[in-house]
>>> print(open('entry.csv').read())   # CSV, C-alpha atoms
chain,number,residue,atom,x,y,z
A,198,MET,CA,-13.7,4.5,-17.4
A,199,THR,CA,-14.8,7.8,-15.6
A,200,HIS,CA,-12.0,9.8,-14.0
A,201,PRO,CA,-12.6,12.6,-11.5
A,202,GLN,CA,-11.5,16.1,-12.4
A,203,PRO,CA,-8.0,17.1,-11.0
A,204,LEU,CA,-8.0,18.6,-7.6
A,205,ARG,CA,-7.5,22.4,-7.3
A,206,PHE,CA,-6.3,24.8,-4.6
A,207,GLY,CA,-9.1,25.1,-2.1
A,208,ASP,CA,-10.9,21.8,-2.9
A,209,THR,CA,-12.1,19.6,0.0
A,210,VAL,CA,-11.1,16.1,0.9
A,211,ALA,CA,-13.3,14.0,3.3
A,212,ILE,CA,-11.6,11.5,5.7
A,213,VAL,CA,-14.0,8.7,6.7
A,214,ALA,CA,-13.8,5.2,8.2
A,215,THR,CA,-15.2,2.3,6.2
A,216,ALA,CA,-13.7,-0.4,8.4
A,217,ARG,CA,-11.7,-0.2,11.6
A,218,LYS,CA,-12.1,2.6,14.1
A,219,ASN,CA,-9.7,5.5,14.5
A,220,SER,CA,-9.5,8.6,16.7
A,221,LEU,CA,-9.2,12.2,15.6
A,222,PRO,CA,-5.7,12.9,17.1
A,223,ASN,CA,-4.2,10.3,14.8
A,224,LEU,CA,-5.3,12.3,11.8
A,225,GLN,CA,-3.3,15.5,12.3
A,226,PRO,CA,-0.3,14.4,10.1
A,227,ALA,CA,-2.8,13.7,7.3
A,228,ILE,CA,-4.6,17.0,7.8
A,229,ASP,CA,-1.4,18.9,7.8
A,230,LEU,CA,-0.3,17.1,4.6
A,231,LEU,CA,-3.6,18.0,2.7
A,232,GLU,CA,-3.4,21.6,3.9
A,233,SER,CA,0.2,21.8,2.7
A,234,TRP,CA,-1.2,20.9,-0.8
A,235,GLY,CA,-3.7,23.8,-0.6
A,236,LEU,CA,-6.6,21.5,0.2
A,237,LYS,CA,-9.3,21.7,2.9
A,238,VAL,CA,-10.3,18.8,5.1
A,239,LEU,CA,-13.7,17.5,6.3
A,240,VAL,CA,-13.5,14.9,9.0
A,241,GLY,CA,-16.4,12.4,8.7
A,242,GLN,CA,-18.8,11.4,11.4
A,243,THR,CA,-17.3,7.9,11.7
A,244,ILE,CA,-14.0,9.2,13.0
A,245,GLY,CA,-14.1,8.5,16.7
A,246,LEU,CA,-16.9,6.0,16.7
A,247,ASP,CA,-16.2,2.8,18.6
A,248,ASN,CA,-18.0,-0.5,17.8
A,249,HIS,CA,-15.5,-3.0,19.1
A,250,GLN,CA,-13.0,-3.2,16.2
A,251,LEU,CA,-15.2,-1.2,13.8
A,252,ALA,CA,-15.8,2.6,13.4
A,253,GLY,CA,-19.5,2.4,14.4
A,254,THR,CA,-22.2,0.2,13.0
A,255,ASP,CA,-22.3,-0.9,9.3
A,256,ALA,CA,-25.2,1.6,8.9
A,257,GLN,CA,-23.2,4.4,10.4
A,258,ARG,CA,-20.1,3.8,8.2
A,259,ALA,CA,-22.3,3.5,5.1
A,260,ALA,CA,-24.2,6.7,6.0
A,261,ASP,CA,-21.0,8.7,6.5
A,262,PHE,CA,-19.6,7.4,3.2
A,263,GLN,CA,-22.9,8.2,1.5
A,264,ALA,CA,-22.9,11.7,2.8
A,265,GLN,CA,-19.5,12.4,1.2
A,266,LEU,CA,-20.6,10.8,-2.1
A,267,GLU,CA,-23.6,13.1,-2.3
A,268,ASN,CA,-21.8,16.3,-1.2
A,269,PRO,CA,-20.7,18.1,-4.4
A,270,ASP,CA,-18.2,20.1,-2.5
A,271,ILE,CA,-16.2,17.0,-1.6
A,272,LYS,CA,-13.7,16.2,-4.4
A,273,ALA,CA,-12.0,13.1,-2.8
A,274,ILE,CA,-12.8,10.6,-0.1
A,275,TRP,CA,-9.8,9.3,1.8
A,276,CYS,CA,-10.4,6.1,3.8
A,277,VAL,CA,-8.7,6.4,7.2
A,278,ARG,CA,-7.5,2.8,7.5
A,279,GLY,CA,-8.1,-0.8,6.5
A,280,GLY,CA,-8.4,-3.8,8.7
A,281,TYR,CA,-11.8,-5.4,8.0
A,282,GLY,CA,-15.4,-4.1,7.6
A,283,THR,CA,-15.7,-2.3,4.2
A,284,VAL,CA,-17.5,-5.4,2.7
A,285,ARG,CA,-20.1,-5.2,5.5
A,286,MET,CA,-21.3,-1.7,4.5
A,287,ILE,CA,-20.8,-1.6,0.7
A,288,ASP,CA,-24.2,-3.0,-0.2
A,289,LEU,CA,-25.8,-0.2,1.9
A,290,VAL,CA,-24.2,2.5,-0.3
A,291,ASP,CA,-25.8,4.1,-3.3
A,292,PHE,CA,-22.9,4.9,-5.7
A,293,SER,CA,-25.1,6.7,-8.3
A,294,PRO,CA,-24.1,10.2,-7.1
A,295,LEU,CA,-20.7,9.5,-8.7
A,296,LYS,CA,-22.3,9.8,-12.1
A,297,LYS,CA,-23.0,13.4,-11.5
A,298,HIS,CA,-20.1,14.3,-9.2
A,299,PRO,CA,-17.1,11.8,-9.8
A,300,LYS,CA,-14.6,12.0,-7.0
A,301,TRP,CA,-11.5,10.0,-6.1
A,302,ILE,CA,-11.8,7.2,-3.5
A,303,ILE,CA,-8.4,6.6,-1.9
A,304,GLY,CA,-7.0,3.7,0.2
A,305,PHE,CA,-5.6,0.2,0.1
A,306,SER,CA,-5.8,-3.1,1.9
A,307,ASP,CA,-9.5,-3.6,3.0
A,308,VAL,CA,-10.4,-0.6,0.7
A,309,THR,CA,-9.8,-3.0,-2.2
A,310,VAL,CA,-13.5,-3.8,-1.7
A,311,LEU,CA,-14.3,-0.3,-2.9
A,312,HIS,CA,-11.7,-0.3,-5.7
A,313,VAL,CA,-13.1,-3.5,-7.3
A,314,HIS,CA,-16.7,-2.4,-6.9
A,315,LEU,CA,-16.0,1.0,-8.5
A,316,GLN,CA,-14.2,-0.6,-11.4
A,317,LYS,CA,-17.2,-2.8,-12.1
A,318,MET,CA,-19.2,0.4,-12.2
A,319,GLY,CA,-16.8,2.2,-14.5
A,320,PHE,CA,-15.1,4.6,-12.0
A,321,ALA,CA,-11.4,5.1,-11.4
A,322,SER,CA,-10.0,5.1,-7.9
A,323,ILE,CA,-6.6,5.4,-6.1
A,324,HIS,CA,-4.7,2.5,-4.5
A,325,GLY,CA,-2.5,4.4,-2.0
A,326,LEU,CA,-1.5,5.2,1.5
A,327,MET,CA,-4.2,6.1,4.1
A,328,PRO,CA,-4.3,8.9,6.8
A,329,VAL,CA,-3.0,6.6,9.5
A,330,ASN,CA,0.1,5.9,7.4
A,331,VAL,CA,1.1,9.5,6.6
A,332,GLU,CA,3.5,10.1,9.5
A,333,LYS,CA,5.7,7.1,8.5
A,334,ALA,CA,5.2,7.3,4.8
A,335,SER,CA,8.1,7.8,2.4
A,336,THR,CA,8.4,11.1,0.5
A,337,GLU,CA,7.9,9.1,-2.8
A,338,ALA,CA,4.7,7.6,-1.5
A,339,LEU,CA,3.3,11.0,-0.5
A,340,GLU,CA,4.3,12.6,-3.8
A,341,SER,CA,2.9,9.8,-5.9
A,342,LEU,CA,-0.5,10.3,-4.3
A,343,ARG,CA,-0.3,14.1,-4.8
A,344,LYS,CA,0.6,13.6,-8.5
A,345,ILE,CA,-2.5,11.5,-9.2
A,346,LEU,CA,-4.8,13.9,-7.3
A,347,PHE,CA,-3.5,16.9,-9.3
A,348,ASN,CA,-3.3,15.0,-12.6
A,349,GLU,CA,0.5,15.2,-13.0
A,350,PRO,CA,2.4,12.6,-15.1
A,351,LEU,CA,3.2,9.4,-13.2
A,352,HIS,CA,6.1,7.2,-14.3
A,353,TYR,CA,7.8,4.5,-12.3
A,354,GLU,CA,11.2,3.1,-13.0
A,355,LEU,CA,12.3,0.0,-11.0
A,356,PRO,CA,15.5,-2.1,-10.9
A,357,PHE,CA,15.6,-5.5,-12.4
A,358,GLN,CA,14.4,-8.4,-10.3
A,359,PRO,CA,15.4,-12.0,-10.9
A,360,GLU,CA,11.8,-13.3,-10.6
A,361,ASN,CA,10.6,-10.9,-13.4
A,362,GLN,CA,9.1,-12.2,-16.6
A,363,LEU,CA,10.1,-10.0,-19.6
A,364,GLY,CA,7.7,-8.4,-22.0
A,365,SER,CA,5.4,-5.4,-22.5
A,366,ALA,CA,1.7,-4.9,-21.9
A,367,THR,CA,-0.9,-2.2,-22.2
A,368,GLY,CA,-4.1,-2.3,-20.3
A,369,GLU,CA,-6.3,-0.9,-17.6
A,370,LEU,CA,-4.7,-1.1,-14.1
A,371,ILE,CA,-6.8,-3.1,-11.6
A,372,GLY,CA,-6.3,-5.1,-8.4
A,373,GLY,CA,-5.4,-4.6,-4.8
A,374,ASN,CA,-5.1,-6.8,-1.8
A,375,LEU,CA,-5.0,-10.5,-2.8
A,376,SER,CA,-7.0,-11.7,0.2
A,377,ILE,CA,-9.8,-9.3,-0.6
A,378,LEU,CA,-9.8,-10.1,-4.3
A,379,TYR,CA,-10.1,-13.8,-3.4
A,380,SER,CA,-13.0,-13.1,-0.9
A,381,LEU,CA,-15.0,-11.2,-3.6
A,382,MET,CA,-15.0,-14.2,-6.0
A,383,GLY,CA,-18.6,-15.1,-6.9
A,384,SER,CA,-20.0,-11.8,-5.7
A,385,VAL,CA,-21.4,-8.9,-7.7
A,386,SER,CA,-18.0,-7.2,-7.1
A,387,GLN,CA,-15.9,-10.0,-8.6
A,388,LEU,CA,-12.9,-8.6,-10.6
A,389,ASP,CA,-13.0,-8.5,-14.4
A,390,GLY,CA,-9.4,-9.0,-15.7
A,391,VAL,CA,-9.9,-9.3,-19.5
A,392,GLY,CA,-6.9,-7.5,-21.1
A,393,LYS,CA,-5.9,-5.8,-17.9
A,394,ILE,CA,-2.8,-5.4,-15.8
A,395,LEU,CA,-3.3,-6.8,-12.3
A,396,PHE,CA,-1.6,-5.4,-9.2
A,397,ILE,CA,-1.5,-7.6,-6.1
A,398,GLU,CA,-0.1,-7.3,-2.5
A,399,ASP,CA,-0.8,-8.8,0.9
A,400,LEU,CA,0.1,-9.0,4.5
A,401,ASP,CA,0.1,-11.4,7.4
A,402,GLU,CA,-1.0,-14.6,5.5
A,403,TYR,CA,0.0,-18.2,5.8
A,404,LEU,CA,1.9,-19.5,2.8
A,405,TYR,CA,-0.5,-22.4,2.2
A,406,HIS,CA,-3.3,-19.9,2.2
A,407,LEU,CA,-1.5,-17.8,-0.3
A,408,ASP,CA,-1.3,-20.9,-2.6
A,409,ARG,CA,-5.0,-21.5,-2.0
A,410,MET,CA,-5.9,-18.0,-3.1
A,411,CYS,CA,-3.8,-18.3,-6.2
A,412,MET,CA,-5.4,-21.6,-7.0
A,413,GLY,CA,-8.9,-20.0,-6.6
A,414,LEU,CA,-8.2,-17.0,-8.8
A,415,LYS,CA,-6.5,-19.2,-11.4
A,416,ARG,CA,-9.4,-21.7,-11.5
A,417,SER,CA,-11.9,-18.7,-11.7
A,418,GLY,CA,-10.3,-17.8,-15.0
A,419,LEU,CA,-9.0,-14.4,-13.8
A,420,PHE,CA,-5.3,-15.1,-14.3
A,421,SER,CA,-5.7,-16.3,-17.9
A,422,GLN,CA,-7.5,-13.1,-18.8
A,423,LEU,CA,-4.7,-10.7,-17.9
A,424,SER,CA,-2.2,-8.9,-20.1
A,425,GLY,CA,0.3,-8.3,-17.3
A,426,VAL,CA,0.9,-8.5,-13.6
A,427,ILE,CA,2.6,-6.2,-11.0
A,428,VAL,CA,3.5,-7.9,-7.8
A,429,GLY,CA,3.8,-5.6,-4.8
A,430,THR,CA,5.0,-6.5,-1.3
A,431,PHE,CA,4.0,-9.6,0.5
A,432,SER,CA,4.9,-8.8,4.1
A,433,GLN,CA,5.0,-10.8,7.3
A,434,MET,CA,4.1,-14.1,5.8
A,435,HIS,CA,3.8,-17.1,8.1
A,436,ASP,CA,4.5,-20.8,7.7
A,437,ASN,CA,3.3,-23.9,9.6
A,438,GLU,CA,5.3,-26.2,11.8
A,439,ILE,CA,5.6,-28.4,8.7
A,440,PRO,CA,6.9,-25.9,6.1
A,441,TRP,CA,5.1,-25.3,2.9
A,442,GLY,CA,8.4,-25.4,1.1
A,443,LYS,CA,8.2,-22.3,-1.0
A,444,SER,CA,8.5,-18.5,-0.2
A,445,ALA,CA,5.6,-16.2,-1.0
A,446,TYR,CA,7.2,-15.0,-4.2
A,447,GLU,CA,8.0,-18.6,-5.3
A,448,ILE,CA,4.3,-19.5,-4.8
A,449,LEU,CA,3.3,-16.6,-6.9
A,450,ALA,CA,5.8,-17.4,-9.6
A,451,GLU,CA,4.5,-21.0,-9.8
A,452,HIS,CA,1.1,-19.8,-10.7
A,453,LEU,CA,1.9,-16.7,-12.7
A,454,THR,CA,4.9,-17.7,-14.8
A,455,PRO,CA,3.0,-20.1,-17.1
A,456,LEU,CA,0.8,-17.2,-18.2
A,457,ASN,CA,3.6,-16.0,-20.4
A,458,ILE,CA,2.8,-12.4,-19.8
A,459,PRO,CA,5.1,-9.6,-18.4
A,460,ILE,CA,5.4,-9.8,-14.7
A,461,ALA,CA,7.1,-7.2,-12.5
A,462,TYR,CA,8.0,-8.3,-8.9
A,463,HIS,CA,8.8,-6.2,-5.8
A,464,PHE,CA,6.9,-3.1,-6.9
A,465,PRO,CA,7.0,-0.6,-3.9
A,466,ALA,CA,3.3,-0.7,-3.0
A,467,GLY,CA,1.5,-2.5,-0.2
A,468,HIS,CA,1.8,-2.6,3.6
A,469,ILE,CA,5.1,-0.7,3.7
A,470,ALA,CA,6.2,2.9,4.3
A,471,ASP,CA,7.1,3.3,0.6
A,472,ASN,CA,3.5,2.6,-0.6
A,473,ARG,CA,3.5,4.2,-4.0
A,474,ALA,CA,0.1,5.2,-5.4
A,475,LEU,CA,-1.6,3.5,-8.4
A,476,PRO,CA,-4.6,4.9,-10.2
A,477,PHE,CA,-6.9,1.9,-10.7
A,478,GLY,CA,-9.0,2.2,-13.9
A,479,SER,CA,-6.3,4.2,-15.7
A,480,LYS,CA,-4.6,2.9,-18.8
A,481,ALA,CA,-1.0,1.8,-18.1
A,482,ARG,CA,2.0,0.6,-20.1
A,483,LEU,CA,4.1,-2.0,-18.4
A,484,THR,CA,7.6,-2.8,-19.8
A,485,VAL,CA,9.7,-5.4,-18.2
A,486,THR,CA,13.3,-5.9,-19.6
A,487,ALA,CA,16.6,-7.2,-18.4
A,488,LEU,CA,17.4,-3.6,-17.4
A,489,GLY,CA,14.4,-3.1,-15.2
A,490,THR,CA,10.7,-2.2,-15.1
A,491,GLU,CA,8.9,0.9,-16.4
A,492,LEU,CA,5.3,1.7,-15.7
A,493,TYR,CA,3.7,4.6,-17.5
A,494,ILE,CA,0.3,5.8,-16.4
A,495,ASP,CA,-1.7,7.6,-19.2
>>> encode(input="entry.csv", output="structure tokens")
Amino acid sequence: MTHPQPLRFGDTVAIVATARKNSLPNLQPAIDLLESWGLKVLVGQTIGLDNHQLAGTDAQRAADFQAQLENPDIKAIWCVRGGYGTVRMIDLVDFSPLKKHPKWIIGFSDVTVLHVHLQKMGFASIHGLMPVNVEKASTEALESLRKILFNEPLHYELPFQPENQLGSATGELIGGNLSILYSLMGSVSQLDGVGKILFIEDLDEYLYHLDRMCMGLKRSGLFSQLSGVIVGTFSQMHDNEIPWGKSAYEILAEHLTPLNIPIAYHFPAGHIADNRALPFGSKARLTVTALGTELYID
């Protein structure tokens, strides 16, 4: 797996939109943050574009992303927000410039499309907060992103959760938004989980659909390939008039517990202010005990 070089004082980070639209004034907290870390900021051409929900056409979003990939002065590309739309432009992008100039791609939620595609190509990326989240983000979320960018040690210690399944695992960290992972099944970007540690999170889904996604990923063989699972936040879940009968975490446990691998629940990452960063493609050591969970990133 290819990892970008650590960022240094004076390096430039590009902010672009691959999905939903966003305006320049919303970016000031993110710009201030990057500058406080000694970094420069380039605002992409897609910021301010308006194509209904999307930040310009698919071609415009792909062209902006492509320009940052090809620019050797850009050391990281930070996706401004999620929503929907990254999958519409990904096949218009030529990722080969990363072979010569690897750089961090940062984001979560809909940006999972990029994470999975990059992992298939052998490039690491960062699952973490996005510019629109900076103003409300926790100090821990901001600091975890900074540590990955500057290649500082990253170690998470979490309290015990009753849903946890004890054990230890070592493997490459993969994953992202569960709905996106499900939607990529059968495509060229389908996730490869052999011997890996899967992270999942989601937002605003019906409980029966969460069960459907788990069934799909289980029947695809993905779950049976894994060495461990990290379950992030599953926020604002919905139920029908006739209840499904299980909570989101009970649904996940029904499908994951029989795997007999270590599983850590309630990891602080997902659609929350305390969205801790995870370097996908990095080797990780997951240890789940009766005292709590430890995650070491090598």
>>> residues_around(input="entry.csv", residues="Leu221 (chain A)", least_positions_apart="4", cutoff="12 Å", atoms="all atoms listed in the file", output="PyMOL selection string")
chain A and resi 212-214+225-228+239-246+252+277+328-329
>>> residues_near_point(input="entry.csv", point="(5.8, 9.4, -16.1)", cutoff="12 Å", atoms="all atoms listed in the file", output="list in words")
Ser341, Lys344, Ile345, Asn348, Glu349, Pro350, Leu351, His352, Tyr353, Glu354, Ala481, Arg482, Leu483, Glu491, Leu492, Tyr493, Ile494 and Asp495 of chain A
>>> atom_distance(input="entry.csv", atom1="CA of Val313 (chain A)", atom2="CA of Asp288 (chain A)")
13.2 Å
>>> closest_residue(input="entry.csv", among="A:Glu402, A:Asp389, A:Asp255, A:Glu360", to="Ser376 (chain A)", atoms="all atoms listed in the file")
A:Glu402
>>> closest_residue(input="entry.csv", among="A:Gln257, A:Thr367, A:Ser306, A:Thr215", to="Val284 (chain A)", atoms="all atoms listed in the file")
A:Thr215
>>> residues_near_point(input="entry.csv", point="(-21.3, 10.9, -1.7)", cutoff="12 Å", atoms="only C-alpha atoms", output="ChimeraX atom specification")
/A:210-211,213,241,259-274,290-302
>>> closest_residue(input="entry.csv", among="A:Val385, A:Leu204, A:Ile427, A:Leu419", to="Pro465 (chain A)", atoms="only C-alpha atoms")
A:Ile427
